Amino acid sequence: MIDSEWFKGDDLALAELQHRDYHGTTKRLVRCLECRVDDLAPELTPFLPIKTFDHRDVQWLHDMLAARFRLTWLREHKTSPEQARLFGQEEAVYARDFAFEWQSSLQDQLESMLMLYPNTVRFVLISVLWPNPDVRGIGAEEAFFRDVVEPERKRLSTEASCAASTALDGK
């Protein structure tokens with residue numbers, strides 16, 4: 001996981017909590033993608049199940065879902081993302097609740113994304129099955145970044161800005 005800000009007011013303390021189970025989460029994501037092959041990328045069925053993989057081929061998917069979850073969580077638990085900072089006695093409670101909610105919502109987060117970007121299954125699994133330097137994997141990574149990651153990054157930024165404006169208007 002690359003701990004980086006995806007939207008204004010993104011909370012890197014929360015990102016660090018997600019980072020703690022990064023490898024377990026990437027394994028879950030690959031398993032969930034494998035389960036969606038039949039309806040979203042049937043040509044990949046003969047290559048499954050995937051026994052091992054390089055976590056870097058799933059990193060952008062993980063980081064994007066993690067950022068989406070942070071924005072949703074911040075909006076539900078705070079009046080604006082800019083006001084959300086973990087500190088003092090509340091940190092342990094919020095950290096435990098946040099980590100539990102993140103893991104509990106992972107499959108729902110992925111399913112929501114697949115509704116918007118169904119090619120995610122194809123792009124990510126091709127990059128896992130034929131990792132860099134294979135041109136198939138490189139092409140899939142580039143397509144995923146162009147067609148999914150960049151639009152989602154813009155979408156998150158817009159949603160965060162709207163949330164911040166709404167919070168300011170409400171004061």
# chains A, B, ... in the order shown; residues from 1 in each chain; ligands from 1
$ residues_around --residues "segment 28-43 of chain A" --least-positions-apart "4" --cutoff "7 Å" --atoms "only C-alpha atoms" --output "list of chain:residue names"
A:Gly24, A:Pro118, A:Val121, A:Arg122
$ write_last_selection --atoms "C-alpha atoms" --output "PDB file, in the first residue's frame"
ATOM      1  CA  GLY A  24      -4.308 -10.163   3.890  1.00  0.00           C
ATOM      2  CA  PRO A 118     -16.557  -3.923 -14.619  1.00  0.00           C
ATOM      3  CA  VAL A 121     -11.690  -7.908 -12.926  1.00  0.00           C
ATOM      4  CA  ARG A 122     -10.053  -8.351 -16.325  1.00  0.00           C
TER       5      ARG A 122
END
$ residues_around --residues "Thr120 of chain A" --least-positions-apart "4" --cutoff "12 Å" --atoms "only C-alpha atoms" --output "PyMOL selection string"
chain A and resi 29-30+32-34+36-37+40-41+58+60-62+64-65+110-116+124-128+140-149+152
$ residues_around --residues "Phe7 of chain A" --least-positions-apart "6" --cutoff "12 Å" --atoms "only C-alpha atoms" --output "mmCIF file with N, CA, C and O atoms, in the first residue's frame"
data_model
loop_
_atom_site.group_PDB
_atom_site.id
_atom_site.type_symbol
_atom_site.label_atom_id
_atom_site.label_comp_id
_atom_site.auth_asym_id
_atom_site.auth_seq_id
_atom_site.Cartn_x
_atom_site.Cartn_y
_atom_site.Cartn_z
ATOM 1 N N MET A 64 -7.211 2.224 -3.981
ATOM 2 C CA MET A 64 -8.393 2.941 -4.435
ATOM 3 C C MET A 64 -9.604 2.598 -3.559
ATOM 4 O O MET A 64 -10.345 3.484 -3.125
ATOM 5 N N ALA A 66 -9.453 1.453 -0.528
ATOM 6 C CA ALA A 66 -9.148 1.973 0.808
ATOM 7 C C ALA A 66 -9.473 3.463 0.889
ATOM 8 O O ALA A 66 -10.067 3.923 1.869
ATOM 9 N N ALA A 67 -9.100 4.224 -0.142
ATOM 10 C CA ALA A 67 -9.391 5.662 -0.155
ATOM 11 C C ALA A 67 -10.894 5.915 -0.211
ATOM 12 O O ALA A 67 -11.418 6.781 0.502
ATOM 13 N N ARG A 68 -11.599 5.146 -1.026
ATOM 14 C CA ARG A 68 -13.060 5.277 -1.116
ATOM 15 C C ARG A 68 -13.681 5.013 0.265
ATOM 16 O O ARG A 68 -14.563 5.732 0.707
ATOM 17 N N PHE A 69 -13.201 3.981 0.941
ATOM 18 C CA PHE A 69 -13.731 3.670 2.259
ATOM 19 C C PHE A 69 -13.420 4.788 3.247
ATOM 20 O O PHE A 69 -14.271 5.166 4.052
ATOM 21 N N ARG A 70 -12.187 5.332 3.213
ATOM 22 C CA ARG A 70 -11.838 6.420 4.134
ATOM 23 C C ARG A 70 -12.752 7.610 3.937
ATOM 24 O O ARG A 70 -13.241 8.189 4.906
ATOM 25 N N LEU A 71 -13.006 7.984 2.696
ATOM 26 C CA LEU A 71 -13.873 9.131 2.441
ATOM 27 C C LEU A 71 -15.275 8.866 2.986
ATOM 28 O O LEU A 71 -15.857 9.709 3.675
ATOM 29 N N THR A 72 -15.811 7.701 2.714
ATOM 30 C CA THR A 72 -17.144 7.342 3.209
ATOM 31 C C THR A 72 -17.159 7.349 4.728
ATOM 32 O O THR A 72 -18.075 7.905 5.353
ATOM 33 N N LEU A 74 -15.120 8.894 6.835
ATOM 34 C CA LEU A 74 -14.945 10.250 7.349
ATOM 35 C C LEU A 74 -16.244 11.050 7.256
ATOM 36 O O LEU A 74 -16.610 11.776 8.173
ATOM 37 N N PRO A 81 -14.173 16.062 6.131
ATOM 38 C CA PRO A 81 -12.906 15.340 6.141
ATOM 39 C C PRO A 81 -11.773 16.133 6.786
ATOM 40 O O PRO A 81 -10.907 15.562 7.438
ATOM 41 N N GLU A 82 -11.772 17.461 6.633
ATOM 42 C CA GLU A 82 -10.702 18.266 7.203
ATOM 43 C C GLU A 82 -10.681 18.206 8.727
ATOM 44 O O GLU A 82 -9.654 18.400 9.351
ATOM 45 N N GLU A 152 -11.406 7.423 -10.863
ATOM 46 C CA GLU A 152 -11.834 7.265 -9.471
ATOM 47 C C GLU A 152 -11.132 8.286 -8.572
ATOM 48 O O GLU A 152 -11.737 8.824 -7.652
ATOM 49 N N ARG A 153 -9.876 8.578 -8.844
ATOM 50 C CA ARG A 153 -9.155 9.595 -8.077
ATOM 51 C C ARG A 153 -9.850 10.957 -8.239
ATOM 52 O O ARG A 153 -10.056 11.675 -7.262
ATOM 53 N N LYS A 154 -10.238 11.286 -9.453
ATOM 54 C CA LYS A 154 -10.955 12.555 -9.704
ATOM 55 C C LYS A 154 -12.314 12.553 -9.011
ATOM 56 O O LYS A 154 -12.733 13.548 -8.437
ATOM 57 N N ARG A 155 -12.985 11.426 -9.083
ATOM 58 C CA ARG A 155 -14.300 11.298 -8.446
ATOM 59 C C ARG A 155 -14.207 11.487 -6.934
ATOM 60 O O ARG A 155 -15.024 12.183 -6.327
ATOM 61 N N LEU A 156 -13.206 10.873 -6.320
ATOM 62 C CA LEU A 156 -12.998 11.027 -4.877
ATOM 63 C C LEU A 156 -12.709 12.484 -4.515
ATOM 64 O O LEU A 156 -13.245 12.995 -3.531
ATOM 65 N N SER A 157 -11.869 13.132 -5.295
ATOM 66 C CA SER A 157 -11.537 14.538 -5.024
ATOM 67 C C SER A 157 -12.775 15.418 -5.118
ATOM 68 O O SER A 157 -12.993 16.297 -4.277
ATOM 69 N N THR A 158 -13.590 15.174 -6.121
ATOM 70 C CA THR A 158 -14.817 15.953 -6.284
ATOM 71 C C THR A 158 -15.765 15.713 -5.117
ATOM 72 O O THR A 158 -16.327 16.659 -4.565
ATOM 73 N N GLU A 159 -15.952 14.459 -4.740
ATOM 74 C CA GLU A 159 -16.836 14.143 -3.617
ATOM 75 C C GLU A 159 -16.334 14.757 -2.315
ATOM 76 O O GLU A 159 -17.127 15.256 -1.516
ATOM 77 N N ALA A 160 -15.021 14.728 -2.092
ATOM 78 C CA ALA A 160 -14.454 15.318 -0.873
ATOM 79 C C ALA A 160 -14.656 16.825 -0.864
ATOM 80 O O ALA A 160 -15.002 17.407 0.169
ATOM 81 N N SER A 161 -14.472 17.460 -2.008
ATOM 82 C CA SER A 161 -14.684 18.912 -2.100
ATOM 83 C C SER A 161 -16.136 19.266 -1.841
ATOM 84 O O SER A 161 -16.432 20.229 -1.134
ATOM 85 N N CYS A 162 -17.037 18.476 -2.399
ATOM 86 C CA CYS A 162 -18.469 18.714 -2.172
ATOM 87 C C CYS A 162 -18.829 18.524 -0.707
ATOM 88 O O CYS A 162 -19.601 19.297 -0.145
ATOM 89 N N ALA A 163 -18.248 17.492 -0.087
ATOM 90 C CA ALA A 163 -18.515 17.242 1.344
ATOM 91 C C ALA A 163 -18.008 18.404 2.193
ATOM 92 O O ALA A 163 -18.665 18.835 3.128
ATOM 93 N N ALA A 164 -16.829 18.916 1.849
ATOM 94 C CA ALA A 164 -16.260 20.037 2.607
ATOM 95 C C ALA A 164 -17.113 21.281 2.417
ATOM 96 O O ALA A 164 -17.383 22.005 3.374
#
$ closest_residue --among "A:Trp102, A:Trp73, A:Trp6, A:Phe47" --to "Glu150 of chain A" --atoms "only C-alpha atoms"
A:Trp6
$ atom_distance --atom1 "atom CA of Ala99 of chain A" --atom2 "atom CA of Leu12 of chain A"
13.5 Å
$ residues_around --residues "His55 of chain A" --least-positions-apart "5" --cutoff "9 Å" --atoms "only C-alpha atoms" --output "ChimeraX atom specification"
/A:1,22-23,26-27,128
$ write_last_selection --atoms "N, CA and C atoms" --output "PDB file, in the first residue's frame"
ATOM      1  N   MET A   1       0.852  -1.176   0.000  1.00  0.00           N
ATOM      2  CA  MET A   1       0.000   0.000   0.000  1.00  0.00           C
ATOM      3  C   MET A   1       0.888   1.226   0.000  1.00  0.00           C
ATOM      4  N   TYR A  22      -2.565  -5.072   4.897  1.00  0.00           N
ATOM      5  CA  TYR A  22      -2.488  -4.927   3.438  1.00  0.00           C
ATOM      6  C   TYR A  22      -2.386  -6.279   2.729  1.00  0.00           C
ATOM      7  N   HIS A  23      -1.469  -7.128   3.155  1.00  0.00           N
ATOM      8  CA  HIS A  23      -1.271  -8.403   2.452  1.00  0.00           C
ATOM      9  C   HIS A  23      -2.486  -9.326   2.573  1.00  0.00           C
ATOM     10  N   THR A  26      -5.138  -7.844   0.205  1.00  0.00           N
ATOM     11  CA  THR A  26      -4.899  -8.088  -1.225  1.00  0.00           C
ATOM     12  C   THR A  26      -5.240  -9.534  -1.590  1.00  0.00           C
ATOM     13  N   LYS A  27      -4.972 -10.467  -0.674  1.00  0.00           N
ATOM     14  CA  LYS A  27      -5.347 -11.865  -0.935  1.00  0.00           C
ATOM     15  C   LYS A  27      -6.862 -11.999  -1.047  1.00  0.00           C
ATOM     16  N   VAL A 128      -2.063  -9.752 -12.706  1.00  0.00           N
ATOM     17  CA  VAL A 128      -1.617 -10.743 -11.718  1.00  0.00           C
ATOM     18  C   VAL A 128      -1.108 -12.006 -12.421  1.00  0.00           C
TER      19      VAL A 128
END
$ atom_distance --atom1 "atom CA of Ser4 of chain A" --atom2 "atom CA of Ser105 of chain A"
21.0 Å
$ closest_residue --among "A:Glu101, A:Arg56, A:Gln18, A:Lys51" --to "Glu76 of chain A" --atoms "only C-alpha atoms"
A:Glu101
$ atom_distance --atom1 "atom CA of Asn119 of chain A" --atom2 "atom CA of Gln107 of chain A"
16.5 Å
$ select_by_dssp --residues "chain A" --states "alpha helix (DSSP H)" --output "ChimeraX atom specification"
/A:12-19,22-35,37-40,59-77,90-116,120-129,135-144,150-169
$ decode --residues "segment 7-35 of chain A" --atoms "N, CA and C atoms" --output "PDB file, in the first residue's frame"
ATOM      1  N   PHE A   7      -7.488  12.516  -1.618  1.00  0.00           N
ATOM      2  CA  PHE A   7      -8.422  13.633  -1.699  1.00  0.00           C
ATOM      3  C   PHE A   7      -8.075  14.618  -0.598  1.00  0.00           C
ATOM      4  N   LYS A   8      -8.537  15.865  -0.749  1.00  0.00           N
ATOM      5  CA  LYS A   8      -8.261  16.884   0.254  1.00  0.00           C
ATOM      6  C   LYS A   8      -8.899  16.460   1.579  1.00  0.00           C
ATOM      7  N   GLY A   9      -8.095  16.448   2.626  1.00  0.00           N
ATOM      8  CA  GLY A   9      -8.592  16.032   3.921  1.00  0.00           C
ATOM      9  C   GLY A   9      -8.460  14.547   4.183  1.00  0.00           C
ATOM     10  N   ASP A  10      -7.834  13.803   3.250  1.00  0.00           N
ATOM     11  CA  ASP A  10      -7.618  12.374   3.457  1.00  0.00           C
ATOM     12  C   ASP A  10      -6.804  12.195   4.737  1.00  0.00           C
ATOM     13  N   ASP A  11      -7.115  11.177   5.477  1.00  0.00           N
ATOM     14  CA  ASP A  11      -6.486  10.953   6.771  1.00  0.00           C
ATOM     15  C   ASP A  11      -5.473   9.822   6.668  1.00  0.00           C
ATOM     16  N   LEU A  12      -4.182  10.168   6.731  1.00  0.00           N
ATOM     17  CA  LEU A  12      -3.138   9.160   6.590  1.00  0.00           C
ATOM     18  C   LEU A  12      -3.003   8.282   7.826  1.00  0.00           C
ATOM     19  N   ALA A  13      -3.506   8.729   8.970  1.00  0.00           N
ATOM     20  CA  ALA A  13      -3.535   7.852  10.153  1.00  0.00           C
ATOM     21  C   ALA A  13      -4.490   6.691   9.898  1.00  0.00           C
ATOM     22  N   LEU A  14      -5.603   6.972   9.240  1.00  0.00           N
ATOM     23  CA  LEU A  14      -6.535   5.905   8.874  1.00  0.00           C
ATOM     24  C   LEU A  14      -5.921   5.001   7.809  1.00  0.00           C
ATOM     25  N   ALA A  15      -5.211   5.604   6.855  1.00  0.00           N
ATOM     26  CA  ALA A  15      -4.545   4.809   5.818  1.00  0.00           C
ATOM     27  C   ALA A  15      -3.542   3.847   6.450  1.00  0.00           C
ATOM     28  N   GLU A  16      -2.867   4.290   7.479  1.00  0.00           N
ATOM     29  CA  GLU A  16      -1.907   3.424   8.169  1.00  0.00           C
ATOM     30  C   GLU A  16      -2.617   2.230   8.807  1.00  0.00           C
ATOM     31  N   LEU A  17      -3.811   2.449   9.337  1.00  0.00           N
ATOM     32  CA  LEU A  17      -4.584   1.325   9.890  1.00  0.00           C
ATOM     33  C   LEU A  17      -4.911   0.311   8.796  1.00  0.00           C
ATOM     34  N   GLN A  18      -5.245   0.796   7.615  1.00  0.00           N
ATOM     35  CA  GLN A  18      -5.536  -0.111   6.503  1.00  0.00           C
ATOM     36  C   GLN A  18      -4.275  -0.832   6.039  1.00  0.00           C
ATOM     37  N   HIS A  19      -3.164  -0.152   6.149  1.00  0.00           N
ATOM     38  CA  HIS A  19      -1.883  -0.728   5.723  1.00  0.00           C
ATOM     39  C   HIS A  19      -1.497  -1.942   6.570  1.00  0.00           C
ATOM     40  N   ARG A  20      -1.927  -1.973   7.805  1.00  0.00           N
ATOM     41  CA  ARG A  20      -1.532  -3.047   8.728  1.00  0.00           C
ATOM     42  C   ARG A  20      -1.958  -4.430   8.246  1.00  0.00           C
ATOM     43  N   ASP A  21      -3.054  -4.515   7.511  1.00  0.00           N
ATOM     44  CA  ASP A  21      -3.500  -5.810   6.990  1.00  0.00           C
ATOM     45  C   ASP A  21      -3.495  -5.812   5.461  1.00  0.00           C
ATOM     46  N   TYR A  22      -2.565  -5.072   4.897  1.00  0.00           N
ATOM     47  CA  TYR A  22      -2.488  -4.927   3.438  1.00  0.00           C
ATOM     48  C   TYR A  22      -2.386  -6.279   2.729  1.00  0.00           C
ATOM     49  N   HIS A  23      -1.469  -7.128   3.155  1.00  0.00           N
ATOM     50  CA  HIS A  23      -1.271  -8.403   2.452  1.00  0.00           C
ATOM     51  C   HIS A  23      -2.486  -9.326   2.573  1.00  0.00           C
ATOM     52  N   GLY A  24      -3.092  -9.369   3.735  1.00  0.00           N
ATOM     53  CA  GLY A  24      -4.308 -10.163   3.890  1.00  0.00           C
ATOM     54  C   GLY A  24      -5.448  -9.616   3.033  1.00  0.00           C
ATOM     55  N   THR A  25      -5.528  -8.312   2.958  1.00  0.00           N
ATOM     56  CA  THR A  25      -6.585  -7.686   2.169  1.00  0.00           C
ATOM     57  C   THR A  25      -6.375  -7.931   0.683  1.00  0.00           C
ATOM     58  N   THR A  26      -5.138  -7.844   0.205  1.00  0.00           N
ATOM     59  CA  THR A  26      -4.899  -8.088  -1.225  1.00  0.00           C
ATOM     60  C   THR A  26      -5.240  -9.534  -1.590  1.00  0.00           C
ATOM     61  N   LYS A  27      -4.972 -10.467  -0.674  1.00  0.00           N
ATOM     62  CA  LYS A  27      -5.347 -11.865  -0.935  1.00  0.00           C
ATOM     63  C   LYS A  27      -6.862 -11.999  -1.047  1.00  0.00           C
ATOM     64  N   ARG A  28      -7.586 -11.341  -0.155  1.00  0.00           N
ATOM     65  CA  ARG A  28      -9.056 -11.380  -0.223  1.00  0.00           C
ATOM     66  C   ARG A  28      -9.557 -10.783  -1.527  1.00  0.00           C
ATOM     67  N   LEU A  29      -8.944  -9.687  -1.964  1.00  0.00           N
ATOM     68  CA  LEU A  29      -9.367  -9.049  -3.206  1.00  0.00           C
ATOM     69  C   LEU A  29      -9.173  -9.973  -4.404  1.00  0.00           C
ATOM     70  N   VAL A  30      -8.044 -10.645  -4.469  1.00  0.00           N
ATOM     71  CA  VAL A  30      -7.806 -11.565  -5.585  1.00  0.00           C
ATOM     72  C   VAL A  30      -8.844 -12.683  -5.565  1.00  0.00           C
ATOM     73  N   ARG A  31      -9.139 -13.214  -4.405  1.00  0.00           N
ATOM     74  CA  ARG A  31     -10.160 -14.276  -4.306  1.00  0.00           C
ATOM     75  C   ARG A  31     -11.527 -13.756  -4.762  1.00  0.00           C
ATOM     76  N   CYS A  32     -11.870 -12.551  -4.366  1.00  0.00           N
ATOM     77  CA  CYS A  32     -13.154 -11.962  -4.784  1.00  0.00           C
ATOM     78  C   CYS A  32     -13.190 -11.748  -6.297  1.00  0.00           C
ATOM     79  N   LEU A  33     -12.085 -11.300  -6.872  1.00  0.00           N
ATOM     80  CA  LEU A  33     -12.028 -11.114  -8.328  1.00  0.00           C
ATOM     81  C   LEU A  33     -12.147 -12.449  -9.049  1.00  0.00           C
ATOM     82  N   GLU A  34     -11.500 -13.473  -8.519  1.00  0.00           N
ATOM     83  CA  GLU A  34     -11.612 -14.805  -9.120  1.00  0.00           C
ATOM     84  C   GLU A  34     -13.065 -15.269  -9.150  1.00  0.00           C
ATOM     85  N   CYS A  35     -13.810 -14.949  -8.123  1.00  0.00           N
ATOM     86  CA  CYS A  35     -15.222 -15.348  -8.062  1.00  0.00           C
ATOM     87  C   CYS A  35     -16.078 -14.620  -9.086  1.00  0.00           C
TER      88      CYS A  35
END
